[in-house]
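Enquirer: What follows is the file model.cif, containing mmCIF, C-alpha atoms:
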data_target
loop_
_atom_site.label_atom_id
_atom_site.label_comp_id
_atom_site.auth_asym_id
_atom_site.auth_seq_id
_atom_site.Cartn_x
_atom_site.Cartn_y
_atom_site.Cartn_z
CA ALA A 1 1.26 -8.06 -10.68
CA GLN A 2 0.47 -4.87 -12.52
CA SER A 3 2.85 -3.91 -15.31
CA VAL A 4 3.13 -1.17 -17.91
CA THR A 5 4.62 -1.54 -21.37
CA GLN A 6 5.69 1.33 -23.56
CA LEU A 7 6.36 0.19 -27.11
CA GLY A 8 9.43 1.87 -28.54
CA SER A 9 12.18 3.21 -26.33
CA HIS A 10 12.88 5.89 -28.90
CA VAL A 11 10.49 7.66 -31.29
CA SER A 12 11.60 10.24 -33.84
CA VAL A 13 9.21 12.55 -35.68
CA SER A 14 9.54 15.64 -37.84
CA GLU A 15 8.37 19.00 -36.58
CA GLY A 16 4.68 19.38 -37.38
CA ALA A 17 4.08 15.63 -37.62
CA LEU A 18 1.78 13.53 -35.46
CA VAL A 19 3.20 12.22 -32.21
CA LEU A 20 2.02 8.78 -31.04
CA LEU A 21 3.52 7.21 -27.94
CA ARG A 22 2.14 3.83 -26.95
CA CYS A 23 1.28 2.52 -23.50
CA ASN A 24 -0.38 -0.74 -22.47
CA TYR A 25 -1.20 -1.91 -18.97
CA SER A 26 -1.72 -5.44 -17.76
CA SER A 27 -4.50 -5.49 -15.17
CA SER A 28 -8.09 -6.60 -15.80
CA VAL A 29 -9.38 -3.85 -13.54
CA PRO A 30 -8.80 -0.45 -15.17
CA PRO A 31 -6.20 1.42 -13.15
CA TYR A 32 -5.65 5.12 -12.80
CA LEU A 33 -3.38 6.11 -15.68
CA PHE A 34 -0.92 8.94 -16.00
CA TRP A 35 1.52 10.34 -18.51
CA TYR A 36 4.56 12.21 -17.25
CA VAL A 37 7.25 14.08 -19.19
CA GLN A 38 10.86 14.48 -18.14
CA TYR A 39 13.07 17.15 -19.66
CA PRO A 40 16.85 16.83 -19.24
CA ASN A 41 18.01 17.34 -15.66
CA GLN A 42 14.48 17.89 -14.43
CA GLY A 43 11.90 15.91 -12.51
CA LEU A 44 8.75 14.28 -13.82
CA GLN A 45 6.00 16.67 -14.84
CA LEU A 46 2.39 15.51 -15.10
CA LEU A 47 1.00 15.75 -18.63
CA LEU A 48 -2.42 14.23 -18.05
CA LYS A 49 -4.35 11.62 -16.09
CA TYR A 50 -7.23 9.19 -16.57
CA THR A 51 -9.39 8.44 -13.55
CA SER A 52 -12.49 6.73 -15.05
CA ALA A 53 -14.31 9.83 -16.27
CA ALA A 54 -14.05 10.71 -19.99
CA THR A 55 -12.04 8.20 -22.04
CA LEU A 56 -10.37 10.98 -24.05
CA VAL A 57 -8.24 13.05 -21.76
CA LYS A 58 -6.67 16.37 -22.66
CA GLY A 59 -3.46 17.49 -21.02
CA ILE A 60 -0.96 20.27 -21.13
CA ASN A 61 1.08 21.37 -24.16
CA GLY A 62 -1.52 20.06 -26.64
CA PHE A 63 -1.19 16.40 -25.65
CA GLU A 64 -4.11 14.05 -25.24
CA ALA A 65 -4.59 10.37 -24.52
CA GLU A 66 -7.39 7.92 -25.10
CA PHE A 67 -8.25 5.13 -22.70
CA LYS A 68 -9.32 1.96 -24.49
CA LYS A 69 -10.39 -0.74 -22.07
CA SER A 70 -10.74 -3.41 -24.76
CA GLU A 71 -7.14 -2.88 -25.77
CA THR A 72 -5.82 -2.12 -22.23
CA SER A 73 -4.16 0.90 -23.77
CA PHE A 74 -3.61 4.58 -22.99
CA HIS A 75 -1.69 5.96 -25.94
CA LEU A 76 -0.46 9.55 -25.93
CA THR A 77 -0.89 11.73 -29.02
CA LYS A 78 -0.24 15.24 -30.21
CA PRO A 79 -1.40 16.37 -33.66
CA SER A 80 1.64 18.49 -34.46
CA ALA A 81 5.07 18.04 -32.87
CA HIS A 82 7.12 21.01 -31.77
CA MET A 83 10.83 21.09 -31.15
CA SER A 84 10.17 21.80 -27.49
CA ASP A 85 8.38 18.42 -27.16
CA ALA A 86 11.70 16.58 -27.29
CA ALA A 87 11.91 14.81 -23.93
CA GLU A 88 11.36 11.45 -22.26
CA TYR A 89 7.77 10.37 -21.70
CA PHE A 90 6.63 7.94 -19.04
CA CYS A 91 3.33 6.13 -18.74
CA ALA A 92 2.40 5.18 -15.17
CA VAL A 93 -0.45 3.34 -13.47
CA SER A 94 -1.90 3.26 -9.99
CA ASP A 95 -4.09 0.44 -8.75
CA PRO A 96 -7.43 1.83 -7.45
CA GLY A 97 -7.38 -0.75 -4.69
CA ASN A 98 -3.93 0.22 -3.48
CA GLN A 99 -3.97 2.24 -0.27
CA GLY A 100 -0.43 3.47 -0.60
CA GLY A 101 -0.92 4.98 -4.06
CA LYS A 102 2.31 3.75 -5.57
CA LEU A 103 2.91 4.39 -9.25
CA ILE A 104 4.21 1.69 -11.57
CA PHE A 105 6.10 3.15 -14.49
CA GLY A 106 6.78 2.00 -18.00
CA GLN A 107 10.34 2.04 -19.23
CA GLY A 108 9.93 5.40 -20.94
CA THR A 109 9.98 6.60 -24.53
CA GLU A 110 12.46 9.20 -25.67
CA LEU A 111 10.90 11.53 -28.22
CA SER A 112 13.15 13.29 -30.73
CA VAL A 113 11.79 16.04 -32.99
CA LYS A 114 13.62 16.78 -36.23
CA PRO A 115 13.45 20.24 -37.82
CA GLU B 1 2.74 26.97 -8.66
CA PRO B 2 3.89 25.04 -5.56
CA GLU B 3 6.80 22.67 -6.13
CA VAL B 4 8.47 19.71 -4.51
CA THR B 5 12.06 20.64 -3.76
CA GLN B 6 14.93 18.22 -3.23
CA THR B 7 18.41 18.76 -1.87
CA PRO B 8 21.16 18.24 -2.73
CA SER B 9 20.90 17.98 -6.51
CA HIS B 10 23.99 15.77 -6.58
CA GLN B 11 25.51 13.74 -3.75
CA VAL B 12 28.80 11.87 -3.98
CA THR B 13 29.49 9.41 -1.17
CA GLN B 14 32.02 6.71 -0.41
CA MET B 15 30.72 3.15 -0.32
CA GLY B 16 29.72 2.16 3.19
CA GLN B 17 28.83 5.67 4.28
CA GLU B 18 25.40 6.87 5.29
CA VAL B 19 23.56 9.41 3.17
CA ILE B 20 20.43 11.47 3.80
CA LEU B 21 18.39 12.81 0.90
CA ARG B 22 16.07 15.65 1.70
CA CYS B 23 12.74 16.72 0.27
CA VAL B 24 10.23 19.46 0.98
CA PRO B 25 6.83 18.30 -0.30
CA ILE B 26 4.04 20.62 -1.35
CA SER B 27 2.64 22.09 1.85
CA ASN B 28 -0.97 20.85 1.77
CA HIS B 29 -0.10 17.37 0.52
CA LEU B 30 -0.58 14.38 2.79
CA TYR B 31 1.09 11.52 0.92
CA PHE B 32 4.81 11.34 0.30
CA TYR B 33 6.86 9.01 -1.85
CA TRP B 34 10.37 8.09 -2.84
CA TYR B 35 11.26 6.59 -6.21
CA ARG B 36 14.59 5.83 -7.80
CA GLN B 37 15.83 5.55 -11.37
CA ILE B 38 19.03 3.68 -12.05
CA LEU B 39 20.69 4.97 -15.20
CA GLY B 40 19.03 3.47 -18.27
CA GLN B 41 16.29 1.75 -16.27
CA LYS B 42 12.70 2.55 -15.40
CA VAL B 43 11.53 4.62 -12.45
CA GLU B 44 10.97 2.29 -9.47
CA PHE B 45 8.77 2.81 -6.42
CA LEU B 46 10.56 2.65 -3.08
CA VAL B 47 8.13 3.74 -0.38
CA SER B 48 4.97 5.68 0.37
CA PHE B 49 4.34 7.54 3.63
CA TYR B 50 1.12 8.81 5.15
CA ASN B 51 0.08 9.94 8.61
CA ASN B 52 3.64 9.58 9.90
CA GLU B 53 4.04 5.98 8.93
CA ILE B 54 4.97 3.88 5.93
CA SER B 55 1.92 2.92 3.85
CA GLU B 56 3.71 0.64 1.47
CA LYS B 57 7.25 -0.30 0.56
CA SER B 58 8.82 -2.22 -2.25
CA GLU B 59 11.22 -5.14 -2.09
CA ILE B 60 14.03 -2.68 -2.78
CA PHE B 61 13.26 -0.82 0.45
CA ASP B 62 15.06 -3.14 2.86
CA ASP B 63 16.60 -2.49 6.28
CA GLN B 64 19.25 -0.33 4.65
CA PHE B 65 16.62 2.33 3.95
CA SER B 66 14.50 4.46 6.24
CA VAL B 67 12.24 7.48 5.87
CA GLU B 68 11.32 10.19 8.29
CA ARG B 69 9.24 13.32 8.49
CA PRO B 70 11.21 15.10 11.21
CA ASP B 71 9.11 18.25 11.18
CA GLY B 72 6.09 19.67 9.38
CA SER B 73 7.89 20.38 6.15
CA ASN B 74 10.74 17.95 5.45
CA PHE B 75 10.66 14.35 4.29
CA THR B 76 13.94 12.45 4.27
CA LEU B 77 15.30 9.21 2.87
CA LYS B 78 18.27 7.71 4.74
CA ILE B 79 20.44 5.05 3.20
CA ARG B 80 22.76 3.31 5.67
CA SER B 81 25.99 1.70 4.55
CA THR B 82 25.66 2.63 0.90
CA LYS B 83 26.56 0.17 -1.86
CA LEU B 84 27.71 0.78 -5.41
CA GLU B 85 24.33 -0.36 -6.71
CA ASP B 86 22.60 2.42 -4.79
CA SER B 87 23.91 4.87 -7.39
CA ALA B 88 20.79 6.29 -9.02
CA MET B 89 18.57 9.33 -9.35
CA TYR B 90 16.23 9.53 -6.37
CA PHE B 91 12.92 11.32 -6.79
CA CYS B 92 10.64 12.56 -4.05
CA ALA B 93 6.94 13.06 -4.80
CA SER B 94 3.88 14.20 -2.92
CA SER B 95 0.13 14.15 -3.49
CA GLU B 96 -3.06 15.35 -1.84
CA GLY B 97 -4.42 11.82 -1.74
CA ALA B 98 -3.54 8.32 -2.85
CA GLY B 99 -4.38 6.74 -6.20
CA VAL B 100 -6.54 9.16 -8.16
CA GLN B 101 -4.64 12.24 -7.05
CA PRO B 102 -1.58 12.87 -9.23
CA GLN B 103 1.85 12.83 -7.68
CA HIS B 104 4.06 15.86 -8.05
CA PHE B 105 7.75 15.17 -8.39
CA GLY B 106 10.89 17.03 -7.44
CA ASP B 107 13.86 17.41 -9.76
CA GLY B 108 15.67 14.55 -8.07
CA THR B 109 18.97 13.92 -6.30
CA ARG B 110 21.65 12.18 -8.27
CA LEU B 111 23.46 9.85 -5.85
CA SER B 112 26.87 8.60 -6.89
CA ILE B 113 28.54 5.93 -4.75
CA LEU B 114 32.29 5.60 -5.18
#
Please express what this file holds, its structure, as structure tokens.
Expert:
Amino acid sequence: AQSVTQLGSHVSVSEGALVLLRCNYSSSVPPYLFWYVQYPNQGLQLLLKYTSAATLVKGINGFEAEFKKSETSFHLTKPSAHMSDAAEYFCAVSDPGNQGGKLIFGQGTELSVKP
Amino acid sequence: EPEVTQTPSHQVTQMGQEVILRCVPISNHLYFYWYRQILGQKVEFLVSFYNNEISEKSEIFDDQFSVERPDGSNFTLKIRSTKLEDSAMYFCASSEGAGVQPQHFGDGTRLSIL
């Protein structure tokens, strides 16, 4: 069964530093991949998605992610962290062969940004 | 920008009672979903719904749960005879299509079972 692993339940960076949040998926067939962000007391907001076009995907708020098939990874990066980036980030996958479209989520990574 | 809206934001219910969580998906979307997140755990898929029927459901979605699209705008999740372990944040989502189309989420309903 498909699974998603996010390494590090909590990542802390200084303002202006590089943000790197890791995500690995388990299937041999590349799935559709998504990153969502959740701010306190809010729902999940789509940051970006990979759907088998360009391997480097740009999203909102300066985030981007690179799909690496050989590493079954889809890590999220941002060159320079801002205080407003503090939130929980979820990697999710959808199996292209799945008719129902369900998303399978990683356990989430809480990002803290220090001034 | 169109949003998925969920009501209520917080529901407190006695164990054994029935509860209905309500969602208004984005108007031109065709696929609807419910997920839940137990405190401290990952977001889990419950059910997907398309063309007025369930497309897929998880093992969690047993006979205690049901979904309905009673009219052209609402999408509901009913939980019969609630249990303590049903306490969670429940998220509704909708999408234009399945798979490649991203799902748009509401802000969730926090369900507390006493």
Enquirer: Can you tell me which residues surround region 99-104 of chain A at a distance of at most 7 Å, considering all atoms listed in the file, apart from same-chain residues fewer than 5 positions away, and format the answer as a ChimeraX atom specification?
Expert: /A:3,92-94 /B:45,48,55-56,98-99
Enquirer: Counting only C-alpha atoms, what is within 8 Å of region 105-107 of chain A, bar same-chain residues fewer than 5 positions away, as a VMD selection string?
Expert: (chain A and resid 3 to 6 9 23 90 to 93) or (chain B and resid 41 to 44)
Enquirer: Taking C-alpha atoms for each residue, export the selection above as a PDB file, in the coordinates of the input.
Expert:
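Done, and the output landed in part_21.pdb:
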ATOM      1  CA  SER A   3       2.850  -3.910 -15.310  1.00  0.00           C
ATOM      2  CA  VAL A   4       3.130  -1.170 -17.910  1.00  0.00           C
ATOM      3  CA  THR A   5       4.620  -1.540 -21.370  1.00  0.00           C
ATOM      4  CA  GLN A   6       5.690   1.330 -23.560  1.00  0.00           C
ATOM      5  CA  SER A   9      12.180   3.210 -26.330  1.00  0.00           C
ATOM      6  CA  CYS A  23       1.280   2.520 -23.500  1.00  0.00           C
ATOM      7  CA  PHE A  90       6.630   7.940 -19.040  1.00  0.00           C
ATOM      8  CA  CYS A  91       3.330   6.130 -18.740  1.00  0.00           C
ATOM      9  CA  ALA A  92       2.400   5.180 -15.170  1.00  0.00           C
ATOM     10  CA  VAL A  93      -0.450   3.340 -13.470  1.00  0.00           C
TER      11      VAL A  93
ATOM     12  CA  GLN B  41      16.290   1.750 -16.270  1.00  0.00           C
ATOM     13  CA  LYS B  42      12.700   2.550 -15.400  1.00  0.00           C
ATOM     14  CA  VAL B  43      11.530   4.620 -12.450  1.00  0.00           C
ATOM     15  CA  GLU B  44      10.970   2.290  -9.470  1.00  0.00           C
TER      16      GLU B  44
END
Enquirer: Output as a PDB file with C-alpha atoms, in the coordinates of the input the set of chain B residues within 10 Å of chain A, with distances taken over only C-alpha atoms.
Expert:
ATOM      1  CA  VAL B   4       8.470  19.710  -4.510  1.00  0.00           C
ATOM      2  CA  THR B   5      12.060  20.640  -3.760  1.00  0.00           C
ATOM      3  CA  SER B   9      20.900  17.980  -6.510  1.00  0.00           C
ATOM      4  CA  TYR B  31       1.090  11.520   0.920  1.00  0.00           C
ATOM      5  CA  PHE B  32       4.810  11.340   0.300  1.00  0.00           C
ATOM      6  CA  TYR B  33       6.860   9.010  -1.850  1.00  0.00           C
ATOM      7  CA  TRP B  34      10.370   8.090  -2.840  1.00  0.00           C
ATOM      8  CA  TYR B  35      11.260   6.590  -6.210  1.00  0.00           C
ATOM      9  CA  GLY B  40      19.030   3.470 -18.270  1.00  0.00           C
ATOM     10  CA  GLN B  41      16.290   1.750 -16.270  1.00  0.00           C
ATOM     11  CA  LYS B  42      12.700   2.550 -15.400  1.00  0.00           C
ATOM     12  CA  VAL B  43      11.530   4.620 -12.450  1.00  0.00           C
ATOM     13  CA  GLU B  44      10.970   2.290  -9.470  1.00  0.00           C
ATOM     14  CA  PHE B  45       8.770   2.810  -6.420  1.00  0.00           C
ATOM     15  CA  LEU B  46      10.560   2.650  -3.080  1.00  0.00           C
ATOM     16  CA  VAL B  47       8.130   3.740  -0.380  1.00  0.00           C
ATOM     17  CA  SER B  48       4.970   5.680   0.370  1.00  0.00           C
ATOM     18  CA  PHE B  49       4.340   7.540   3.630  1.00  0.00           C
ATOM     19  CA  TYR B  50       1.120   8.810   5.150  1.00  0.00           C
ATOM     20  CA  ILE B  54       4.970   3.880   5.930  1.00  0.00           C
ATOM     21  CA  SER B  55       1.920   2.920   3.850  1.00  0.00           C
ATOM     22  CA  GLU B  56       3.710   0.640   1.470  1.00  0.00           C
ATOM     23  CA  LYS B  57       7.250  -0.300   0.560  1.00  0.00           C
ATOM     24  CA  SER B  58       8.820  -2.220  -2.250  1.00  0.00           C
ATOM     25  CA  MET B  89      18.570   9.330  -9.350  1.00  0.00           C
ATOM     26  CA  TYR B  90      16.230   9.530  -6.370  1.00  0.00           C
ATOM     27  CA  PHE B  91      12.920  11.320  -6.790  1.00  0.00           C
ATOM     28  CA  CYS B  92      10.640  12.560  -4.050  1.00  0.00           C
ATOM     29  CA  ALA B  93       6.940  13.060  -4.800  1.00  0.00           C
ATOM     30  CA  SER B  95       0.130  14.150  -3.490  1.00  0.00           C
ATOM     31  CA  GLY B  97      -4.420  11.820  -1.740  1.00  0.00           C
ATOM     32  CA  ALA B  98      -3.540   8.320  -2.850  1.00  0.00           C
ATOM     33  CA  GLY B  99      -4.380   6.740  -6.200  1.00  0.00           C
ATOM     34  CA  VAL B 100      -6.540   9.160  -8.160  1.00  0.00           C
ATOM     35  CA  GLN B 101      -4.640  12.240  -7.050  1.00  0.00           C
ATOM     36  CA  PRO B 102      -1.580  12.870  -9.230  1.00  0.00           C
ATOM     37  CA  GLN B 103       1.850  12.830  -7.680  1.00  0.00           C
ATOM     38  CA  HIS B 104       4.060  15.860  -8.050  1.00  0.00           C
ATOM     39  CA  PHE B 105       7.750  15.170  -8.390  1.00  0.00           C
ATOM     40  CA  GLY B 106      10.890  17.030  -7.440  1.00  0.00           C
ATOM     41  CA  ASP B 107      13.860  17.410  -9.760  1.00  0.00           C
ATOM     42  CA  GLY B 108      15.670  14.550  -8.070  1.00  0.00           C
ATOM     43  CA  THR B 109      18.970  13.920  -6.300  1.00  0.00           C
ATOM     44  CA  ARG B 110      21.650  12.180  -8.270  1.00  0.00           C
TER      45      ARG B 110
END
Enquirer: Which value, in Å to one decimal, gives the distance between CA of Asn74 (chain B) and CA of Ile60 (chain B)?
Expert: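 So the two atoms, CA of Asn74 (chain B) and CA of Ile60 (chain B), lie 22.5 Å apart.
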Enquirer: Evaluating the PyMOL selection byres ((chain A and resi 87) around 9) on the displayed file yields which residues, as a PyMOL selection string?
Expert: chain A and resi 37-40+84-86+88-89+109-112
Enquirer: How many Å lie between CA of His82 (chain A) and CA of Asn61 (chain A), rounded to one decimal?
Expert: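 Separation between CA of His82 (chain A) and CA of Asn61 (chain A): 9.7 Å.
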Enquirer: Return as AutoDock Vina command-line options the box centre and box size in Å, one decimal, for an axis-aligned box around all listed atoms of region 3-11 of chain B padded by 4 Å per side.
Expert:
--center_x 16.2 --center_y 18.2 --center_z -4.2 --size_x 26.7 --size_y 16.9 --size_z 12.7
Enquirer: Just give me the gap between CA of Val29 (chain A) and CA of Val57 (chain A) in Å, one decimal is fine.
Expert: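 Separation between CA of Val29 (chain A) and CA of Val57 (chain A): 18.8 Å.
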